[in-house]
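Have a look at upload.txt; it's compact mmCIF, C-alpha atoms:
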# COMPACT_ATOMS: atom_id res chain seq x y z
CA MET A 14 0.00 0.00 0.00
CA GLN A 15 1.22 3.51 -0.70
CA GLY A 16 2.88 5.08 2.30
CA MET A 17 3.97 1.86 3.97
CA SER A 18 7.50 1.90 2.58
CA LEU A 19 10.03 4.71 2.90
CA THR A 20 10.22 5.41 -0.85
CA SER A 21 6.46 5.73 -1.27
CA LEU A 22 6.34 7.82 1.91
CA LYS A 23 8.65 10.38 0.29
CA LYS A 24 6.11 10.77 -2.49
CA HIS A 25 3.17 11.10 -0.07
CA LYS A 26 4.56 13.54 2.46
CA ALA A 27 1.10 14.32 3.83
CA LEU A 28 1.09 10.95 5.56
CA ILE A 29 3.87 12.03 7.90
CA PRO A 30 1.71 14.22 10.18
CA LEU A 31 -0.83 11.41 10.22
CA TYR A 32 1.80 8.95 11.43
CA VAL A 33 2.99 11.47 14.02
CA CYS A 34 -0.50 12.01 15.46
CA VAL A 35 -1.44 8.32 15.52
CA GLY A 36 2.00 7.45 16.89
CA LEU A 37 1.69 10.00 19.70
CA GLY A 38 -1.73 8.61 20.56
CA CYS A 39 -0.48 5.03 20.69
CA VAL A 40 2.60 5.99 22.74
CA GLY A 41 0.41 7.96 25.15
CA ALA A 42 -2.03 5.08 25.60
CA VAL A 43 0.73 2.54 26.23
CA PHE A 44 2.60 4.87 28.56
CA TYR A 45 -0.47 5.65 30.65
CA THR A 46 -1.47 2.01 30.92
CA ALA A 47 2.07 1.11 31.98
CA ARG A 48 2.06 3.94 34.53
CA LEU A 49 -1.20 2.65 35.96
CA ALA A 50 0.16 -0.89 36.15
CA LEU A 51 3.47 0.06 37.73
CA ALA A 52 2.86 3.20 39.77
CA ASN A 53 -0.79 3.12 40.83
CA PRO A 54 -1.02 2.71 44.61
CA ASP A 55 -3.94 0.31 44.19
CA VAL A 56 -1.79 -2.22 42.29
CA ALA A 57 0.60 -4.59 44.05
CA TRP A 58 3.11 -6.72 42.15
CA ASN A 59 5.31 -7.78 45.03
CA ARG A 60 3.60 -9.81 47.73
CA LYS A 61 6.61 -10.03 50.00
CA GLU A 62 7.56 -7.78 52.94
CA GLY A 63 8.11 -4.14 52.29
CA GLU A 64 6.44 -0.80 52.09
CA ILE A 65 2.67 -0.71 52.39
CA SER A 66 1.41 0.37 49.00
CA ASN A 67 -0.78 3.24 50.09
CA GLU A 68 1.99 4.92 52.05
CA HIS A 69 4.32 5.43 49.11
CA TYR A 70 2.48 8.53 47.99
CA SER A 71 1.83 10.04 51.41
CA ASN A 72 3.97 13.00 50.48
CA LYS A 73 4.61 12.46 46.79
CA GLN A 74 2.39 13.59 43.97
CA TYR A 75 0.66 10.96 41.88
CA LYS A 76 -1.47 13.30 39.81
CA PHE A 77 0.04 14.46 36.57
CA TYR A 78 -0.66 18.06 37.25
CA SER A 79 -1.46 19.79 40.50
CA PRO A 80 -2.18 23.49 40.09
CA ASN A 81 -2.74 24.37 43.74
CA VAL A 82 -1.59 21.84 46.24
CA ASP A 83 2.07 21.14 46.90
CA TYR A 84 2.07 17.46 47.81
CA SER A 85 5.54 17.40 49.29
CA LYS A 86 4.31 19.71 52.04
CA MET A 87 1.07 17.91 52.79
CA GLU A 88 0.55 16.14 56.05
CA SER A 89 -2.04 13.41 56.14
CA PRO A 90 -4.18 13.56 59.28
CA ALA A 91 -4.18 9.75 59.44
CA PRO A 92 -2.30 8.24 62.40
CA LYS A 93 1.21 6.90 61.75
CA TYR A 94 1.96 3.39 62.97
CA MET B 18 -31.01 30.62 38.84
CA MET B 19 -32.55 29.31 35.68
CA THR B 20 -36.04 29.89 34.44
CA TRP B 21 -37.88 28.20 31.60
CA LYS B 22 -36.28 30.47 29.02
CA THR B 23 -32.64 30.17 30.11
CA LEU B 24 -30.65 29.16 27.03
CA MET B 25 -27.10 29.74 28.25
CA SER B 26 -25.33 28.92 31.51
CA PRO B 27 -26.65 30.70 34.61
CA ASP B 28 -24.32 33.08 36.46
CA SER B 29 -21.95 31.11 38.61
CA ALA B 30 -21.76 31.30 42.39
CA SER B 31 -18.51 29.43 42.83
CA PRO B 32 -15.04 29.89 41.32
CA LEU B 33 -15.00 26.35 39.90
CA MET B 34 -18.31 26.91 38.13
CA GLU B 35 -16.91 30.14 36.78
CA GLN B 36 -13.96 28.23 35.32
CA LEU B 37 -16.36 25.67 33.86
CA THR B 38 -18.31 28.46 32.21
CA PHE B 39 -15.10 29.93 30.78
CA LEU B 40 -14.06 26.55 29.41
CA HIS B 41 -17.48 26.15 27.85
CA ASP B 42 -17.25 29.59 26.24
CA HIS B 43 -13.73 28.86 24.97
CA ALA B 44 -14.68 25.51 23.45
CA LEU B 45 -17.89 26.90 21.98
CA MET B 46 -15.97 29.75 20.35
CA ILE B 47 -13.63 27.27 18.67
CA LEU B 48 -16.58 25.15 17.58
CA LEU B 49 -18.39 28.17 16.16
CA MET B 50 -15.31 29.20 14.17
CA ILE B 51 -15.02 25.71 12.73
CA THR B 52 -18.73 25.66 11.89
CA VAL B 53 -18.59 29.04 10.17
CA LEU B 54 -15.54 27.98 8.18
CA VAL B 55 -17.10 24.72 7.03
CA GLY B 56 -20.41 26.44 6.31
CA TYR B 57 -18.66 29.06 4.21
CA LEU B 58 -16.73 26.42 2.30
CA MET B 59 -19.90 24.45 1.59
CA ALA B 60 -21.83 27.56 0.54
CA SER B 61 -19.04 28.65 -1.76
CA LEU B 62 -19.17 25.23 -3.42
CA PHE B 63 -22.66 26.08 -4.63
CA PHE B 64 -21.56 29.23 -6.33
CA ASN B 65 -18.21 28.50 -7.94
CA LYS B 66 -17.42 26.93 -11.27
CA PHE B 67 -14.05 25.32 -10.39
CA ASN B 68 -13.65 22.12 -12.26
CA TYR B 69 -10.68 19.75 -12.57
CA ARG B 70 -11.36 16.23 -13.73
CA TYR B 71 -7.82 14.89 -13.24
CA LEU B 72 -7.39 15.66 -9.55
CA LEU B 73 -5.56 12.80 -7.84
CA GLU B 74 -3.71 14.15 -4.82
CA GLY B 75 -2.77 17.33 -2.99
CA GLN B 76 0.01 16.73 -0.50
CA THR B 77 0.22 20.27 0.85
CA ILE B 78 -3.46 20.68 1.60
CA GLU B 79 -3.60 17.24 3.16
CA MET B 80 -0.76 18.21 5.45
CA ILE B 81 -2.58 21.37 6.47
CA TRP B 82 -5.85 19.68 7.20
CA THR B 83 -4.15 17.03 9.33
CA ILE B 84 -2.00 19.36 11.39
CA LEU B 85 -4.51 22.16 11.86
CA PRO B 86 -7.23 20.02 13.56
CA ALA B 87 -4.57 18.47 15.78
CA VAL B 88 -3.49 21.96 16.86
CA ILE B 89 -7.13 22.96 17.43
CA LEU B 90 -7.66 19.90 19.58
CA ILE B 91 -4.60 20.76 21.65
CA PHE B 92 -6.09 24.22 22.21
CA ILE B 93 -9.27 22.60 23.52
CA ALA B 94 -7.56 19.85 25.51
CA LEU B 95 -5.10 21.91 27.53
CA PRO B 96 -7.63 24.16 29.33
CA SER B 97 -9.94 21.19 29.72
CA LEU B 98 -7.31 19.05 31.44
CA ARG B 99 -6.24 21.96 33.63
CA LEU B 100 -9.82 22.37 34.84
CA LEU B 101 -10.24 18.64 35.27
CA TYR B 102 -7.31 18.52 37.65
CA LEU B 103 -8.41 21.72 39.37
CA LEU B 104 -11.82 20.21 40.12
CA ASP B 105 -10.13 17.30 41.88
CA GLU B 106 -7.98 19.34 44.21
CA VAL B 107 -8.06 18.49 47.90
CA ASN B 108 -8.73 21.36 50.23
CA ASN B 109 -9.58 21.85 53.86
CA PRO B 110 -13.28 22.48 54.28
CA LEU B 111 -14.48 24.70 57.07
CA VAL B 112 -17.96 23.30 57.45
CA THR B 113 -19.34 19.85 56.75
CA VAL B 114 -22.99 19.41 55.81
CA LYS B 115 -24.52 16.00 55.41
CA THR B 116 -27.53 15.41 53.26
CA ILE B 117 -29.70 12.36 52.99
CA GLY B 118 -32.14 11.87 50.17
CA HIS B 119 -35.49 10.35 50.99
CA GLN B 120 -38.62 9.74 49.01
CA TRP B 121 -39.41 12.62 48.49
CA TYR B 122 -37.49 15.20 50.50
CA TRP B 123 -33.95 15.99 51.57
CA SER B 124 -32.79 15.98 55.16
CA TYR B 125 -29.72 17.87 56.30
CA GLU B 126 -27.43 17.43 59.26
CA TYR B 127 -24.89 19.83 60.66
CA THR B 128 -22.87 17.91 63.20
CA ASP B 129 -19.74 20.07 63.38
CA PHE B 130 -20.92 22.18 66.27
CA ALA B 131 -24.30 21.17 67.61
CA ASN B 132 -26.40 18.25 66.54
CA ILE B 133 -28.65 20.01 64.03
CA GLU B 134 -30.93 17.95 61.82
CA PHE B 135 -33.88 19.06 59.76
CA ASP B 136 -35.96 18.03 56.78
CA SER B 137 -36.49 20.15 53.74
CA TYR B 138 -39.80 19.68 51.97
CA MET B 139 -40.94 21.47 48.84
CA ILE B 140 -43.62 24.09 49.47
CA PRO B 141 -46.73 22.74 47.70
CA SER B 142 -48.30 25.00 45.08
CA ASN B 143 -51.49 25.42 47.03
CA GLU B 144 -49.56 26.69 50.08
CA MET B 145 -47.32 29.04 48.12
CA GLU B 146 -46.98 32.71 48.98
CA ASP B 147 -46.58 35.40 46.34
CA TYR B 148 -42.83 35.55 46.78
CA HIS B 149 -42.19 31.82 46.42
CA PHE B 150 -40.83 30.17 43.29
CA ARG B 151 -43.26 27.47 42.23
CA LEU B 152 -41.90 23.93 42.70
CA LEU B 153 -38.53 25.32 43.76
CA ASP B 154 -38.89 26.79 47.23
CA VAL B 155 -38.64 24.72 50.38
CA ASP B 156 -39.63 25.20 53.97
CA ASN B 157 -36.13 24.87 55.50
CA ARG B 158 -33.16 26.07 53.49
CA ILE B 159 -29.59 24.97 54.01
CA ALA B 160 -27.53 27.89 55.28
CA VAL B 161 -23.79 28.03 54.60
CA PRO B 162 -21.17 30.72 55.19
CA TYR B 163 -19.83 32.28 52.00
CA ASN B 164 -16.14 32.47 51.01
CA SER B 165 -15.60 29.29 53.01
CA GLN B 166 -14.94 25.83 51.71
CA ILE B 167 -17.98 23.64 52.36
CA ARG B 168 -17.89 19.85 52.35
CA MET B 169 -21.12 18.04 51.41
CA ILE B 170 -21.51 14.38 52.25
CA VAL B 171 -24.43 12.94 50.34
CA THR B 172 -26.25 9.69 50.76
CA ALA B 173 -29.75 8.31 50.44
CA ALA B 174 -32.06 6.43 52.70
CA ASP B 175 -34.12 4.47 50.21
CA VAL B 176 -33.56 4.79 46.45
CA LEU B 177 -31.08 6.68 44.30
CA HIS B 178 -31.31 10.45 44.34
CA SER B 179 -28.91 13.12 43.15
CA TRP B 180 -28.08 16.36 44.92
CA THR B 181 -27.26 19.27 42.67
CA ILE B 182 -26.99 23.03 42.55
CA PRO B 183 -26.25 24.11 38.95
CA THR B 184 -24.86 27.56 39.77
CA LEU B 185 -22.21 25.90 41.92
CA GLY B 186 -21.39 23.29 39.29
CA VAL B 187 -22.13 20.55 41.79
CA LYS B 188 -24.02 17.32 41.18
CA ILE B 189 -23.49 14.17 43.26
CA ASP B 190 -25.46 10.98 43.30
CA ALA B 191 -27.07 10.03 46.57
CA THR B 192 -26.67 6.26 46.76
CA PRO B 193 -28.08 4.22 49.62
CA GLY B 194 -25.33 2.64 51.66
CA ARG B 195 -22.63 4.93 50.30
CA LEU B 196 -21.25 8.32 51.29
CA ASN B 197 -20.24 10.58 48.45
CA GLN B 198 -18.29 13.70 49.18
CA ILE B 199 -17.88 16.96 47.32
CA SER B 200 -16.41 20.29 48.27
CA PHE B 201 -17.22 23.76 47.01
CA LEU B 202 -16.89 27.43 47.84
CA LEU B 203 -19.50 30.10 47.36
CA ASN B 204 -18.12 33.48 46.53
CA ARG B 205 -21.32 35.46 46.85
CA THR B 206 -24.31 35.60 49.14
CA GLY B 207 -27.72 34.67 47.90
CA ILE B 208 -30.18 31.85 47.48
CA PHE B 209 -29.34 29.04 45.08
CA PHE B 210 -31.71 26.38 43.82
CA GLY B 211 -31.39 22.88 42.52
CA GLN B 212 -33.59 19.88 41.91
CA CYS B 213 -33.22 16.18 42.52
CA SER B 214 -31.43 14.75 39.48
CA GLU B 215 -31.98 11.01 39.67
CA ILE B 216 -35.37 9.47 39.08
CA CYS B 217 -36.67 8.34 42.40
CA GLY B 218 -40.39 7.78 42.11
CA ALA B 219 -43.60 9.69 41.80
CA ASN B 220 -42.43 12.96 43.33
CA HIS B 221 -38.95 13.05 41.86
CA SER B 222 -39.64 16.47 40.34
CA PHE B 223 -40.92 17.80 43.65
CA MET B 224 -37.95 17.57 45.97
CA PRO B 225 -35.88 20.70 45.35
CA ILE B 226 -32.74 21.89 47.09
CA VAL B 227 -32.32 25.45 48.28
CA MET B 228 -29.05 26.77 49.66
CA GLU B 229 -28.77 30.15 51.32
CA SER B 230 -25.29 31.65 51.39
CA ILE B 231 -24.87 34.08 54.30
CA SER B 232 -22.10 35.88 56.17
CA PRO B 233 -20.20 33.89 58.80
CA GLU B 234 -21.73 35.88 61.66
CA CYS B 235 -25.24 35.22 60.39
CA PHE B 236 -24.29 31.59 59.96
CA ILE B 237 -23.17 31.32 63.56
CA SER B 238 -26.40 32.87 64.82
CA TRP B 239 -28.37 30.57 62.50
CA ILE B 240 -26.59 27.55 63.98
CA TYR B 241 -27.31 28.87 67.44
CA ASN B 242 -31.01 29.34 66.67
CA MET B 243 -31.32 25.95 65.01
CA SER B 244 -29.65 24.14 67.86
CA GLU B 245 -32.19 25.44 70.30
CA ILE B 246 -35.19 24.13 68.41
Is it possible to express this structure as structure tokens?
Amino acid sequence: MQGMSLTSLKKHKALIPLYVCVGLGCVGAVFYTARLALANPDVAWNRKEGEISNEHYSNKQYKFYSPNVDYSKMESPAPKY
Amino acid sequence: MMTWKTLMSPDSASPLMEQLTFLHDHALMILLMITVLVGYLMASLFFNKFNYRYLLEGQTIEMIWTILPAVILIFIALPSLRLLYLLDEVNNPLVTVKTIGHQWYWSYEYTDFANIEFDSYMIPSNEMEDYHFRLLDVDNRIAVPYNSQIRMIVTAADVLHSWTIPTLGVKIDATPGRLNQISFLLNRTGIFFGQCSEICGANHSFMPIVMESISPECFISWIYNMSEI
């Protein structure tokens, strides 16, 4: 098909922005799914001893973007054991 | 508040609702520009005599109409994501109000200071005064201090209800057996109305919500008066 090989792509330059947009979308989807699998506090891969999963983010920011709150300065009112 | 002829958003009573209105206006402006452009292109197709039978490709125009929509979408997405994260911010509420949806009225509890509980029934049309809004006014309004963060905890006693006040940009489902929480701030005084937003039976349309936003001193004396009843 036209546009699938490098030589035909040089003739159909308008396909390049299409590849960029679709590629960015795919990369974003894979990256976010991987971030959920690896960094989400609700997910546990390691069942051995160690840090309790919901304490890892007690003063780190998990949200992508936090306009107001500075999470490194937040104190949770929950008791510390 | 909205009446039967309100076509656009009502004036907002909370900074988050104001931001929602701005986002709506921004996105609608972009949409209107796109619509006018496409409408003009289509109209001009009726009235031109351009004709080229051997047209096969146009690389430049295809590049433009791939990149330009992507840029437009970025312009819509960035403010939208900013507001999405802003709506989820944690903050420290000053006052907590609990509301429980029943068939077919709301009951409110203020347990921060004194144990205040009351029910809020719609004023029936045959008992209305001249100054009441039909099907919107209630006998006991919720009073909250303005310019203070308010936490609402919403639940239901029997079936699903939904607690909402459109001018605050707040709508939360009242689910039996579950506590849902939302936080908002009112930046002006006044009376704000809402209606139950989840079908809950025969009188679903007749269980409105009325919130009265007052100064902190008036709020304290209101609490004091209510706790003596």
*Specify as a PyMOL selection string all residues of chain B found within 10 Å of chain A, counting only C-alpha atoms.*
chain B and resi 74-84+87+98-103+105-108
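In this comparison, which uses all atoms listed in the file, the residue of B:Trp180, B:Tyr57, B:Trp123, B:Trp21 approaching Asn157 in chain B most closely is B:Trp123.
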_Polymer residues at most 7 Å from Gln212 in chain B, all atoms listed in the file, same-chain spacing of 3 or more positions, as a list in words_ = Thr181, Met224, Pro225 and Ile226 of chain B
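One finds CA of Phe201 in chain B at 10.2 Å from CA of Tyr163 in chain B.
Going from CA of Ser179 in chain B to CA of Ile237 in chain B covers 27.9 Å.
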*Choose the residue, out of B:Ser31, B:Leu62, B:Ile93, B:Thr128, that has the smallest atom-to-atom separation from Met243 in chain B; count only C-alpha atoms.*
B:Thr128
*Pick out the residues sitting within 12 Å of Ala219 in chain B, and hand them over as a list in words; count all atoms listed in the file, and ignore anything fewer than 6 positions along from it in its own chain.*
Gln120, Trp121 and Tyr122 of chain B
With C-alpha atoms retained, could you export that selection as a compact mmCIF listing (two decimals), in the frame of the given file?
# COMPACT_ATOMS: atom_id res chain seq x y z
CA GLN B 120 -38.62 9.74 49.01
CA TRP B 121 -39.41 12.62 48.49
CA TYR B 122 -37.49 15.20 50.50
*Point-to-point distance in Å for CA of Pro32 in chain B and CA of Arg168 in chain B*: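 Taking CA of Arg168 in chain B as the start and CA of Pro32 in chain B as the end point, the length is 15.2 Å.
The residue that comes closest to Ser165 in chain B, out of B:Ser232, B:Asn143, B:Asn132, B:Ser137 and on the basis of only C-alpha atoms, is B:Ser232.
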*Write out as a list of chain:residue names which residues come within 9 Å of Asn53 in chain A when counting all atoms listed in the file, dropping same-chain ones fewer than 4 positions away.*
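Listing them by chain and then by number gives A:Arg48, A:Leu49, A:Ala57, A:Ser66, A:Tyr75.
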*asked:* Under the rule that all atoms listed in the file are counted, which of B:Ala191, B:Met34, B:Pro86, B:Thr184 is the nearest residue to Ile47 in chain B?
replied: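 Of all the options, B:Pro86 lies closest to Ile47 in chain B.
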